[in-house]
>>> print(open('work.txt').read())   # compact mmCIF, C-alpha atoms and all ligand atoms
# COMPACT_ATOMS: atom_id res chain seq x y z
CA MET A 1 86.65 105.77 108.06
CA VAL A 2 84.23 108.40 109.37
CA ALA A 3 84.49 111.57 107.31
CA THR A 4 84.51 113.97 110.25
CA PRO A 5 85.04 117.50 109.00
CA LEU A 6 88.29 118.96 110.29
CA MET A 7 87.90 121.89 112.63
CA ASN A 8 88.78 124.50 110.10
CA ILE A 9 89.13 124.62 106.33
CA THR A 10 90.13 127.81 104.55
CA LYS A 11 90.49 127.62 100.81
CA VAL A 12 92.53 129.78 98.46
CA GLU A 13 90.65 132.30 96.35
CA THR A 14 92.66 131.56 93.22
CA SER A 15 94.57 128.34 92.56
CA LYS A 16 98.27 128.58 91.66
CA LEU A 17 97.73 125.65 89.33
CA LYS A 18 96.96 127.89 86.38
CA ASP A 19 100.63 129.01 86.39
CA LEU A 20 102.06 125.47 86.38
CA ASN A 21 102.42 122.75 83.78
CA LEU A 22 102.15 119.40 85.58
CA GLU A 23 104.00 117.56 82.80
CA ASN A 24 107.72 116.77 83.17
CA ILE A 25 107.71 118.34 86.60
CA PRO A 26 110.83 117.87 88.80
CA PHE A 27 110.63 116.20 92.23
CA GLY A 28 109.81 118.36 95.23
CA LYS A 29 109.97 121.89 93.86
CA PHE A 30 106.31 122.90 93.63
CA TYR A 31 103.59 122.75 96.26
CA SER A 32 99.82 122.62 95.95
CA ASP A 33 97.41 125.31 97.09
CA HIS A 34 96.72 123.97 100.59
CA MET A 35 98.44 122.38 103.60
CA LEU A 36 97.32 120.74 106.83
CA GLU A 37 98.56 121.98 110.18
CA ALA A 38 97.90 120.72 113.72
CA ASP A 39 99.44 121.52 117.10
CA TYR A 40 100.20 119.28 120.05
CA ILE A 41 99.72 121.33 123.21
CA ASP A 42 99.14 120.22 126.83
CA GLY A 43 99.10 116.55 125.86
CA GLU A 44 96.56 116.79 123.06
CA TRP A 45 96.25 117.53 119.37
CA THR A 46 94.40 120.73 118.58
CA ASN A 47 94.08 123.57 116.01
CA VAL A 48 93.66 121.07 113.17
CA GLU A 49 93.21 123.05 110.00
CA ILE A 50 93.59 122.98 106.26
CA LYS A 51 94.61 126.34 104.92
CA PRO A 52 96.43 127.98 102.02
CA TYR A 53 100.06 126.82 101.66
CA GLN A 54 102.13 129.48 103.39
CA PRO A 55 105.39 130.09 105.32
CA LEU A 56 105.58 129.24 109.01
CA LEU A 57 106.42 131.82 111.62
CA LEU A 58 108.80 130.18 114.12
CA GLU A 59 110.96 131.40 116.95
CA PRO A 60 114.70 130.89 116.29
CA SER A 61 114.88 128.87 119.49
CA VAL A 62 112.42 126.26 118.24
CA ALA A 63 113.74 122.89 119.48
CA ALA A 64 113.57 120.90 116.20
CA ILE A 65 116.07 123.20 114.53
CA HIS A 66 118.59 122.61 117.30
CA TYR A 67 118.15 118.96 118.25
CA GLY A 68 116.44 117.37 115.27
CA GLN A 69 113.30 115.93 116.80
CA ALA A 70 111.75 115.77 113.35
CA ILE A 71 110.20 112.92 111.35
CA PHE A 72 108.40 112.60 108.03
CA GLU A 73 106.73 110.28 105.55
CA GLY A 74 106.47 110.03 101.78
CA ILE A 75 103.24 108.82 100.17
CA LYS A 76 101.83 109.17 96.65
CA ALA A 77 98.40 109.89 95.16
CA TYR A 78 97.45 108.85 91.64
CA LYS A 79 94.45 109.12 89.34
CA ASP A 80 92.83 106.11 87.69
CA PRO A 81 91.87 106.22 83.98
CA ASN A 82 88.49 107.77 84.93
CA GLY A 83 90.18 110.59 86.82
CA ASN A 84 89.33 109.25 90.30
CA PRO A 85 92.01 110.00 92.92
CA PHE A 86 93.57 107.24 95.05
CA ILE A 87 96.34 107.16 97.65
CA PHE A 88 98.83 104.23 97.65
CA ARG A 89 99.00 102.31 100.98
CA PRO A 90 98.72 105.37 103.27
CA LYS A 91 97.84 103.26 106.33
CA ASP A 92 101.26 101.61 106.17
CA ASN A 93 102.94 105.01 106.20
CA PHE A 94 100.69 106.11 109.05
CA LYS A 95 101.84 103.14 111.15
CA ARG A 96 105.50 103.75 110.31
CA PHE A 97 105.12 107.44 111.14
CA ASN A 98 104.02 106.61 114.66
CA LEU A 99 106.89 104.11 115.06
CA SER A 100 109.28 106.90 114.10
CA ALA A 101 107.47 109.17 116.60
CA GLN A 102 107.96 106.64 119.42
CA ARG A 103 111.68 106.27 118.67
CA MET A 104 112.17 110.04 118.65
CA GLN A 105 110.20 110.49 121.90
CA MET A 106 107.46 112.40 120.11
CA PRO A 107 103.68 112.08 120.53
CA GLU A 108 101.77 109.78 118.19
CA VAL A 109 99.45 111.43 115.69
CA PRO A 110 95.89 110.05 115.85
CA GLU A 111 94.67 108.14 112.81
CA GLU A 112 91.78 110.57 112.36
CA ILE A 113 94.12 113.52 111.89
CA PHE A 114 96.75 111.73 109.78
CA MET A 115 94.51 109.64 107.52
CA GLU A 116 91.33 111.69 107.32
CA GLY A 117 93.28 114.95 107.29
CA MET A 118 95.38 113.66 104.39
CA ARG A 119 92.30 112.41 102.54
CA GLN A 120 90.54 115.76 102.86
CA LEU A 121 93.66 117.69 101.85
CA VAL A 122 94.17 115.53 98.74
CA GLU A 123 90.48 115.84 97.89
CA ILE A 124 90.69 119.63 98.03
CA ASP A 125 93.85 119.66 95.86
CA LYS A 126 92.99 116.70 93.62
CA ASN A 127 93.48 118.78 90.49
CA TRP A 128 97.16 118.82 91.43
CA ILE A 129 97.54 115.08 90.80
CA PRO A 130 99.47 114.75 87.52
CA THR A 131 98.35 112.05 85.12
CA GLN A 132 101.47 111.66 82.96
CA ALA A 133 103.38 108.36 83.24
CA ASP A 134 105.73 108.21 86.26
CA HIS A 135 104.09 111.35 87.72
CA SER A 136 102.02 111.57 90.90
CA LEU A 137 101.16 113.84 93.79
CA TYR A 138 103.81 113.34 96.50
CA ILE A 139 102.31 113.66 99.97
CA ARG A 140 104.71 114.76 102.71
CA PRO A 141 103.38 114.42 106.28
CA PHE A 142 105.88 115.59 108.91
CA MET A 143 106.16 116.47 112.58
CA PHE A 144 108.68 118.53 114.51
CA SER A 145 109.20 119.67 118.07
CA SER A 146 108.13 123.27 118.49
CA ASP A 147 109.02 124.39 122.04
CA PRO A 148 111.00 127.64 121.97
CA VAL A 149 113.42 126.07 124.47
CA ILE A 150 117.08 125.20 123.93
CA GLY A 151 117.50 122.86 126.88
CA VAL A 152 118.02 119.32 125.58
CA LYS A 153 114.79 117.48 126.41
CA PRO A 154 111.73 116.22 124.57
CA SER A 155 109.58 119.14 123.56
CA GLU A 156 106.18 119.68 125.14
CA THR A 157 104.69 121.07 121.93
CA TYR A 158 104.83 119.70 118.40
CA LYS A 159 103.55 120.62 114.97
CA PHE A 160 102.15 118.04 112.55
CA MET A 161 101.77 119.11 108.95
CA ILE A 162 101.03 117.70 105.51
CA ILE A 163 102.12 119.36 102.28
CA LEU A 164 101.57 118.15 98.72
CA SER A 165 103.97 118.32 95.79
CA PRO A 166 103.14 117.31 92.21
CA THR A 167 106.10 115.39 90.93
CA GLY A 168 107.79 113.50 88.11
CA PRO A 169 110.45 110.79 88.54
CA TYR A 170 113.03 111.22 91.33
CA TYR A 171 115.85 109.51 89.44
CA THR A 172 115.53 109.76 85.68
CA ALA A 173 118.24 107.33 84.51
CA PRO A 174 119.91 104.09 85.69
CA MET A 175 122.30 104.88 88.51
CA ARG A 176 125.96 104.35 89.39
CA ILE A 177 126.40 103.37 93.03
CA TYR A 178 129.43 103.54 95.30
CA VAL A 179 129.61 100.95 98.09
CA GLU A 180 130.31 103.04 101.20
CA GLU A 181 133.00 101.90 103.62
CA LYS A 182 133.91 105.06 105.50
CA TYR A 183 130.66 106.66 106.60
CA THR A 184 127.77 104.91 108.36
CA ARG A 185 124.04 105.48 108.02
CA ALA A 186 122.81 103.35 110.89
CA ALA A 187 123.89 101.02 113.69
CA PRO A 188 121.84 98.67 115.90
CA GLY A 189 120.13 100.68 118.64
CA GLY A 190 120.16 103.81 116.48
CA ILE A 191 117.44 105.41 114.38
CA GLY A 192 118.01 103.68 111.03
CA PHE A 193 114.50 102.18 110.96
CA ALA A 194 112.87 105.57 111.68
CA LYS A 195 112.09 108.13 109.03
CA ALA A 196 113.89 110.77 111.04
CA ALA A 197 115.17 113.94 109.38
CA GLY A 198 118.66 113.41 110.83
CA ASN A 199 119.15 110.17 108.88
CA TYR A 200 118.99 112.21 105.69
CA GLY A 201 121.13 115.08 106.93
CA ALA A 202 123.81 112.62 108.01
CA SER A 203 123.86 111.01 104.55
CA MET A 204 124.78 114.08 102.59
CA LEU A 205 128.56 114.14 103.05
CA ALA A 206 128.94 110.53 101.91
CA THR A 207 126.72 111.20 98.89
CA ALA A 208 128.65 114.36 98.00
CA GLU A 209 131.95 112.44 98.12
CA ALA A 210 130.53 109.65 95.95
CA LYS A 211 129.26 112.28 93.49
CA LYS A 212 132.77 113.72 93.21
CA LEU A 213 133.89 110.26 92.08
CA GLY A 214 131.13 110.18 89.44
CA TYR A 215 128.57 108.12 91.40
CA ASP A 216 124.92 109.02 91.98
CA GLN A 217 124.45 107.49 95.42
CA VAL A 218 126.03 105.23 98.02
CA LEU A 219 125.14 101.71 99.09
CA TRP A 220 125.36 101.81 102.88
CA THR A 221 127.13 99.03 104.75
CA ASP A 222 127.04 98.10 108.45
CA ALA A 223 128.79 100.24 111.05
CA PHE A 224 131.23 97.60 112.36
CA GLU A 225 132.71 95.73 109.40
CA HIS A 226 131.37 97.73 106.43
CA LYS A 227 130.41 94.44 104.82
CA TYR A 228 126.71 93.87 105.41
CA LEU A 229 124.60 95.74 102.86
CA GLN A 230 121.85 98.02 104.14
CA GLU A 231 120.17 100.41 101.69
CA ILE A 232 120.96 102.74 98.80
CA GLY A 233 120.67 106.48 99.39
CA THR A 234 116.96 107.04 100.03
CA MET A 235 115.91 103.58 98.84
CA ASN A 236 115.76 99.92 99.89
CA VAL A 237 117.79 97.61 97.67
CA PHE A 238 117.04 94.33 95.86
CA PHE A 239 119.39 91.89 94.15
CA ILE A 240 118.18 89.34 91.61
CA ILE A 241 120.50 86.38 92.15
CA GLY A 242 119.56 83.30 90.16
CA ASN A 243 115.82 82.78 90.74
CA LYS A 244 115.89 84.61 94.09
CA ALA A 245 115.06 88.22 94.85
CA VAL A 246 117.22 89.08 97.84
CA THR A 247 116.82 92.16 100.04
CA PRO A 248 118.61 92.96 103.32
CA SER A 249 116.62 91.87 106.38
CA LEU A 250 115.24 94.36 108.90
CA GLU A 251 116.01 92.63 112.17
CA GLU A 252 118.81 94.88 113.36
CA GLY A 253 116.68 98.00 113.08
CA THR A 254 119.17 99.65 110.73
CA ILE A 255 116.99 99.65 107.62
CA LEU A 256 113.85 101.58 106.82
CA GLU A 257 110.88 99.24 106.35
CA GLY A 258 109.85 100.60 102.97
CA VAL A 259 106.24 100.43 101.82
CA THR A 260 107.51 100.09 98.24
CA ARG A 261 109.93 97.40 99.50
CA ASP A 262 107.01 95.41 100.86
CA SER A 263 104.96 95.97 97.69
CA ALA A 264 107.92 94.87 95.53
CA MET A 265 108.33 91.70 97.63
CA GLN A 266 104.67 90.80 97.07
CA VAL A 267 104.75 91.48 93.33
CA LEU A 268 108.08 89.64 92.88
CA LYS A 269 106.47 86.59 94.50
CA GLU A 270 103.55 86.93 92.08
CA MET A 271 106.19 86.98 89.28
CA GLY A 272 107.52 83.60 90.47
CA PHE A 273 110.59 84.67 92.45
CA GLU A 274 111.63 83.24 95.75
CA VAL A 275 111.85 86.42 97.83
CA VAL A 276 114.46 86.27 100.58
CA GLU A 277 115.05 88.79 103.36
CA GLN A 278 118.51 88.03 104.72
CA LYS A 279 121.79 89.48 105.84
CA ILE A 280 123.91 89.83 102.73
CA THR A 281 127.52 90.96 102.48
CA ILE A 282 129.37 92.70 99.70
CA ASP A 283 131.48 89.52 99.38
CA ASP A 284 128.32 87.44 98.76
CA LEU A 285 127.37 89.90 96.05
CA ILE A 286 130.79 89.85 94.39
CA GLN A 287 130.78 86.06 94.48
CA ALA A 288 127.37 85.99 92.76
CA HIS A 289 128.62 88.50 90.22
CA LYS A 290 131.75 86.46 89.48
CA ALA A 291 129.59 83.35 89.06
CA GLY A 292 127.40 85.22 86.54
CA ALA A 293 124.36 84.83 88.84
CA LEU A 294 123.85 88.49 89.82
CA TYR A 295 121.36 89.53 87.18
CA GLU A 296 119.84 92.79 88.41
CA VAL A 297 120.21 95.36 91.18
CA PHE A 298 117.56 97.96 91.87
CA GLY A 299 116.35 100.38 94.52
CA THR A 300 112.78 100.80 95.75
CA GLY A 301 111.24 103.83 97.43
CA THR A 302 108.16 106.01 97.40
CA ALA A 303 109.92 108.90 95.72
CA ALA A 304 112.19 106.75 93.57
CA THR A 305 109.67 103.95 92.83
CA ILE A 306 111.92 101.34 91.13
CA SER A 307 115.38 102.63 90.18
CA LEU A 308 117.73 100.54 88.08
CA ILE A 309 121.40 100.33 89.08
CA LYS A 310 123.78 100.09 86.14
CA GLU A 311 127.01 100.06 88.13
CA LEU A 312 128.15 99.11 91.62
CA ARG A 313 131.68 99.83 92.75
CA TYR A 314 133.34 98.30 95.82
CA LYS A 315 136.98 99.34 96.24
CA ASP A 316 138.48 98.52 92.81
CA TYR A 317 135.88 95.91 91.92
CA VAL A 318 133.33 97.28 89.47
CA MET A 319 130.09 95.49 88.57
CA GLN A 320 128.45 96.80 85.44
CA PHE A 321 125.08 95.86 84.02
CA ASP A 322 123.34 96.42 80.71
CA THR A 323 120.00 97.50 82.13
CA ALA A 324 118.47 97.56 78.62
CA LEU A 325 118.51 93.74 78.74
CA TRP A 326 116.78 93.45 82.11
CA GLN A 327 113.37 91.88 82.50
CA THR A 328 112.62 91.74 86.21
CA ALA A 329 112.86 95.34 87.47
CA PRO A 330 111.04 96.78 84.40
CA GLU A 331 108.28 94.16 84.75
CA LEU A 332 108.00 94.83 88.49
CA LYS A 333 107.70 98.55 87.83
CA LYS A 334 105.09 97.93 85.13
CA ARG A 335 102.99 95.78 87.46
CA LEU A 336 103.26 98.22 90.35
CA ASN A 337 102.37 101.15 88.11
CA ALA A 338 99.38 99.29 86.66
CA ILE A 339 98.00 98.99 90.21
CA ARG A 340 98.85 102.58 91.16
CA TYR A 341 97.31 104.11 88.05
CA GLY A 342 94.21 101.91 88.39
CA GLN A 343 94.81 100.05 85.12
CA VAL A 344 94.32 96.59 86.68
CA PRO A 345 92.18 95.37 89.60
CA ASP A 346 93.77 96.20 92.95
CA GLN A 347 94.07 92.59 94.19
CA TYR A 348 96.13 93.63 97.24
CA GLY A 349 93.76 96.37 98.47
CA TRP A 350 96.54 98.95 98.29
CA MET A 351 94.67 101.90 96.80
CA MET A 352 92.66 104.07 99.21
CA PRO A 353 89.96 106.09 97.41
CA VAL A 354 90.09 109.79 98.23
C1 LIG A 401 110.63 108.72 99.90
O1 LIG A 401 110.81 107.80 99.09
O2 LIG A 401 109.54 109.19 100.18
C2 LIG A 401 111.80 109.22 100.56
O3 LIG A 401 111.89 109.15 101.72
C3 LIG A 401 112.81 109.85 99.76
C4 LIG A 401 112.82 111.28 100.07
C5 LIG A 401 113.74 111.56 101.18
C6 LIG A 401 113.10 112.09 98.85
>>> encode(input="work.txt", output="structure tokens")
Amino acid sequence: MVATPLMNITKVETSKLKDLNLENIPFGKFYSDHMLEADYIDGEWTNVEIKPYQPLLLEPSVAAIHYGQAIFEGIKAYKDPNGNPFIFRPKDNFKRFNLSAQRMQMPEVPEEIFMEGMRQLVEIDKNWIPTQADHSLYIRPFMFSSDPVIGVKPSETYKFMIILSPTGPYYTAPMRIYVEEKYTRAAPGGIGFAKAAGNYGASMLATAEAKKLGYDQVLWTDAFEHKYLQEIGTMNVFFIIGNKAVTPSLEEGTILEGVTRDSAMQVLKEMGFEVVEQKITIDDLIQAHKAGALYEVFGTGTAATISLIKELRYKDYVMQFDTALWQTAPELKKRLNAIRYGQVPDQYGWMMPV
């Protein structure tokens, strides 16, 4: 990639980092010194700049707030044992970002701005990359419609931004999951495959109700029969059934095509599993559980990495697992982390140097 300087870079005089301990840091509460901002005006991207992290000044009529034309990505940067910064599979997130943009009738962001802008931003704030196990620098690119117009129509102006947040684990312990039968995350023809803000807003009531029952998250099922399994909260889901690693297939456009999902599929193959993307129902799962063949259930996501599921509840049927005995998900996480933290050769070409 050509390292074209962005139009404008303004750096902070004093870093906020001196006031922050990067160890044991919670997810998504602290932001680095700088951010990237660009505007889409008159059909082109302009005003590309990196500047000190700061509040935005927006009109109350700004379209995204009213109609939700807003998309985002989640990416992570790590340091190798020599302290060199790398970003994990950012090109895959870049491609998905523009697929989300198309679905939401938003302009695509050029590769130069997304990829090179992100690289330069991470380079400037590389001291914000934590080095503790399970820690990283979470990169949040996002775009929203910015016309101060409350007629319902695609905006003519948009803002693209990237912010950075040093972070520890998203979920800290094995999770209890409630199989959702009342609410729906996505239906064919909808926006389930897009990383659109509204998908997350629409999930909160179901999650809150599951939490009241003592569960951490929901496992979404299809909109028509509430039988076909989709994804868990903010993660894709995998089931280890016999010698197969099964994950719901993407063909209906109801499931986010996770970059960690794809990475997990490749590493599970390397570990000797037959990896199967297929439609799978809750009844299939219960049958496997009754037959003693459902060994492990785990979620995958950029924020969550690999999250173990210790309980799944569907109606009155409860599946419990002793995650301390598991071998597959912990080994998968170990192998993925070894690549991310530069402890083994990057045979897949996943790590982009900053
Ligand atoms: C990610 O894994 O980056 C996500 O999308 C989860 C996020 C909504 C916290």
>>> residues_around(input="work.txt", residues="Glu252 of chain A", least_positions_apart="5", cutoff="9 Å", atoms="all atoms listed in the file", output="PyMOL selection string")
chain A and resi 187-189+193
>>> closest_atom_pairs(input="work.txt", of="chain A", to="ligand LIG 401 (chain A)", cutoff="6 Å", atoms="only C-alpha atoms and all ligand atoms", output="Markdown table")
| residue | atom | partner | partner_atom | distance |
| --- | --- | --- | --- | --- |
| A:Gly74 | CA | A:LIG401 | O2 | 3.6 |
| A:Thr234 | CA | A:LIG401 | C3 | 5.0 |
| A:Gly301 | CA | A:LIG401 | O1 | 4.3 |
| A:Thr302 | CA | A:LIG401 | O1 | 3.6 |
| A:Ala303 | CA | A:LIG401 | O1 | 3.7 |
| A:Ala304 | CA | A:LIG401 | O1 | 5.8 |
>>> write_last_selection(input="work.txt", atoms="C-alpha atoms", output="compact mmCIF listing (two decimals), in the coordinates of the input")
# COMPACT_ATOMS: atom_id res chain seq x y z
CA GLY A 74 106.47 110.03 101.78
CA THR A 234 116.96 107.04 100.03
CA GLY A 301 111.24 103.83 97.43
CA THR A 302 108.16 106.01 97.40
CA ALA A 303 109.92 108.90 95.72
CA ALA A 304 112.19 106.75 93.57
>>> residues_around(input="work.txt", residues="Glu270 of chain A", least_positions_apart="3", cutoff="12 Å", atoms="all atoms listed in the file", output="MDAnalysis selection string")
chainID A and resid 245 263:267 273:275 328 331:332 335:336 347:348
>>> write_last_selection(input="work.txt", atoms="C-alpha atoms", output="PDB file, keeping the file's coordinate frame")
ATOM      1  CA  ALA A 245     115.060  88.220  94.850  1.00  0.00           C
ATOM      2  CA  SER A 263     104.960  95.970  97.690  1.00  0.00           C
ATOM      3  CA  ALA A 264     107.920  94.870  95.530  1.00  0.00           C
ATOM      4  CA  MET A 265     108.330  91.700  97.630  1.00  0.00           C
ATOM      5  CA  GLN A 266     104.670  90.800  97.070  1.00  0.00           C
ATOM      6  CA  VAL A 267     104.750  91.480  93.330  1.00  0.00           C
ATOM      7  CA  PHE A 273     110.590  84.670  92.450  1.00  0.00           C
ATOM      8  CA  GLU A 274     111.630  83.240  95.750  1.00  0.00           C
ATOM      9  CA  VAL A 275     111.850  86.420  97.830  1.00  0.00           C
ATOM     10  CA  THR A 328     112.620  91.740  86.210  1.00  0.00           C
ATOM     11  CA  GLU A 331     108.280  94.160  84.750  1.00  0.00           C
ATOM     12  CA  LEU A 332     108.000  94.830  88.490  1.00  0.00           C
ATOM     13  CA  ARG A 335     102.990  95.780  87.460  1.00  0.00           C
ATOM     14  CA  LEU A 336     103.260  98.220  90.350  1.00  0.00           C
ATOM     15  CA  GLN A 347      94.070  92.590  94.190  1.00  0.00           C
ATOM     16  CA  TYR A 348      96.130  93.630  97.240  1.00  0.00           C
TER      17      TYR A 348
END
>>> closest_residue(input="work.txt", among="A:Lys91, A:Tyr158, A:Gly242, A:Asp134", to="Glu112 of chain A", atoms="only C-alpha atoms")
A:Lys91
>>> residues_around(input="work.txt", residues="Thr10 of chain A", least_positions_apart="4", cutoff="9 Å", atoms="only C-alpha atoms", output="number ranges by chain")
A: 34, 49-52
>>> residues_around(input="work.txt", residues="segment 307-322 of chain A", least_positions_apart="2", cutoff="7 Å", atoms="all atoms listed in the file", output="JSON, numbers by chain")
{"A": [171, 174, 175, 176, 177, 178, 179, 297, 298, 299, 300, 304, 305, 324, 325]}
>>> closest_residue(input="work.txt", among="A:Gly168, A:Pro353, A:Gly43, A:Pro141", to="Glu123 of chain A", atoms="only C-alpha atoms")
A:Pro353
>>> closest_residue(input="work.txt", among="A:Asp42, A:Ala133, A:Ile150, A:Glu73", to="Glu59 of chain A", atoms="only C-alpha atoms")
A:Ile150
>>> closest_atom_pairs(input="work.txt", of="segment 145-228 of chain A", to="segment 18-26 of chain A", cutoff="9 Å", atoms="all atoms listed in the file", output="tab-separated table")
residue	atom	partner	partner_atom	distance
A:Pro166	CA	A:Leu22	CA	7.0
A:Thr167	CA	A:Ile25	CA	5.5
A:Gly168	CA	A:Ile25	CA	5.1
A:Pro169	CA	A:Pro26	CA	7.1
A:Tyr170	CA	A:Pro26	CA	7.4
>>> atom_distance(input="work.txt", atom1="atom CA of Lys159 of chain A", atom2="atom CA of Asn199 of chain A")
19.7 Å
>>> residues_near_point(input="work.txt", point="(115.9, 120.5, 116.0)", cutoff="10 Å", atoms="all atoms listed in the file", output="ChimeraX atom specification")
/A:61-70,144-147,150,152,155,197-198
>>> write_last_selection(input="work.txt", atoms="C-alpha atoms", output="PDB file, keeping the file's coordinate frame")
ATOM      1  CA  SER A  61     114.880 128.870 119.490  1.00  0.00           C
ATOM      2  CA  VAL A  62     112.420 126.260 118.240  1.00  0.00           C
ATOM      3  CA  ALA A  63     113.740 122.890 119.480  1.00  0.00           C
ATOM      4  CA  ALA A  64     113.570 120.900 116.200  1.00  0.00           C
ATOM      5  CA  ILE A  65     116.070 123.200 114.530  1.00  0.00           C
ATOM      6  CA  HIS A  66     118.590 122.610 117.300  1.00  0.00           C
ATOM      7  CA  TYR A  67     118.150 118.960 118.250  1.00  0.00           C
ATOM      8  CA  GLY A  68     116.440 117.370 115.270  1.00  0.00           C
ATOM      9  CA  GLN A  69     113.300 115.930 116.800  1.00  0.00           C
ATOM     10  CA  ALA A  70     111.750 115.770 113.350  1.00  0.00           C
ATOM     11  CA  PHE A 144     108.680 118.530 114.510  1.00  0.00           C
ATOM     12  CA  SER A 145     109.200 119.670 118.070  1.00  0.00           C
ATOM     13  CA  SER A 146     108.130 123.270 118.490  1.00  0.00           C
ATOM     14  CA  ASP A 147     109.020 124.390 122.040  1.00  0.00           C
ATOM     15  CA  ILE A 150     117.080 125.200 123.930  1.00  0.00           C
ATOM     16  CA  VAL A 152     118.020 119.320 125.580  1.00  0.00           C
ATOM     17  CA  SER A 155     109.580 119.140 123.560  1.00  0.00           C
ATOM     18  CA  ALA A 197     115.170 113.940 109.380  1.00  0.00           C
ATOM     19  CA  GLY A 198     118.660 113.410 110.830  1.00  0.00           C
TER      20      GLY A 198
END
>>> residues_near_point(input="work.txt", point="(92.7, 129.8, 97.6)", cutoff="12 Å", atoms="all atoms listed in the file", output="list in words")
Ile9, Thr10, Lys11, Val12, Glu13, Thr14, Ser15, Lys16, Leu17, Ser32, Asp33, His34, Met35, Ile50, Lys51, Pro52, Tyr53, Gln54, Ile124 and Asp125 of chain A
>>> closest_residue(input="work.txt", among="A:Thr131, A:Thr184, A:Gln105, A:Asn47", to="Pro154 of chain A", atoms="only C-alpha atoms")
A:Gln105
>>> residues_around(input="work.txt", residues="segment 349-351 of chain A", least_positions_apart="2", cutoff="7 Å", atoms="all atoms listed in the file", output="list in words")
Phe86, Ile87, Phe88, Arg89, Asp346, Gln347 and Pro353 of chain A
>>> atom_distance(input="work.txt", atom1="atom CA of Arg96 of chain A", atom2="atom CA of Gly258 of chain A")
9.1 Å
>>> atom_distance(input="work.txt", atom1="atom CA of Met204 of chain A", atom2="atom CA of Lys333 of chain A")
27.4 Å
>>> closest_residue(input="work.txt", among="A:Ser100, A:Asn82, A:Gln230, A:Asn8", to="Leu250 of chain A", atoms="all atoms listed in the file")
A:Gln230
>>> build_atoms(input="work.txt", residues="segment 268-279 of chain A", atoms="N, CA, C and O atoms", output="compact mmCIF listing (two decimals), in the coordinates of the input")
# COMPACT_ATOMS: atom_id res chain seq x y z
N LEU A 268 107.03 90.56 93.34
CA LEU A 268 108.08 89.64 92.88
C LEU A 268 107.66 88.18 93.12
O LEU A 268 107.93 87.30 92.30
N LYS A 269 106.97 87.95 94.25
CA LYS A 269 106.47 86.59 94.50
C LYS A 269 105.47 86.20 93.42
O LYS A 269 105.50 85.09 92.89
N GLU A 270 104.56 87.16 93.13
CA GLU A 270 103.55 86.93 92.08
C GLU A 270 104.25 86.62 90.73
O GLU A 270 103.74 85.86 89.92
N MET A 271 105.45 87.19 90.53
CA MET A 271 106.19 86.98 89.28
C MET A 271 106.99 85.67 89.31
O MET A 271 107.71 85.36 88.37
N GLY A 272 106.90 84.92 90.42
CA GLY A 272 107.52 83.60 90.47
C GLY A 272 108.87 83.56 91.16
O GLY A 272 109.53 82.52 91.18
N PHE A 273 109.30 84.68 91.75
CA PHE A 273 110.59 84.67 92.45
C PHE A 273 110.45 84.14 93.86
O PHE A 273 109.42 84.33 94.51
N GLU A 274 111.52 83.52 94.32
CA GLU A 274 111.63 83.24 95.75
C GLU A 274 112.18 84.52 96.37
O GLU A 274 113.27 84.97 96.01
N VAL A 275 111.42 85.14 97.25
CA VAL A 275 111.85 86.42 97.83
C VAL A 275 112.49 86.14 99.19
O VAL A 275 111.87 85.51 100.05
N VAL A 276 113.72 86.59 99.37
CA VAL A 276 114.46 86.27 100.58
C VAL A 276 114.92 87.54 101.27
O VAL A 276 115.61 88.37 100.67
N GLU A 277 114.52 87.69 102.54
CA GLU A 277 115.05 88.79 103.36
C GLU A 277 116.17 88.18 104.19
O GLU A 277 115.92 87.29 104.99
N GLN A 278 117.38 88.64 103.99
CA GLN A 278 118.51 88.03 104.72
C GLN A 278 119.64 89.03 104.87
O GLN A 278 119.67 90.06 104.21
N LYS A 279 120.57 88.68 105.76
CA LYS A 279 121.79 89.48 105.84
C LYS A 279 122.62 89.13 104.62
O LYS A 279 122.78 87.95 104.30
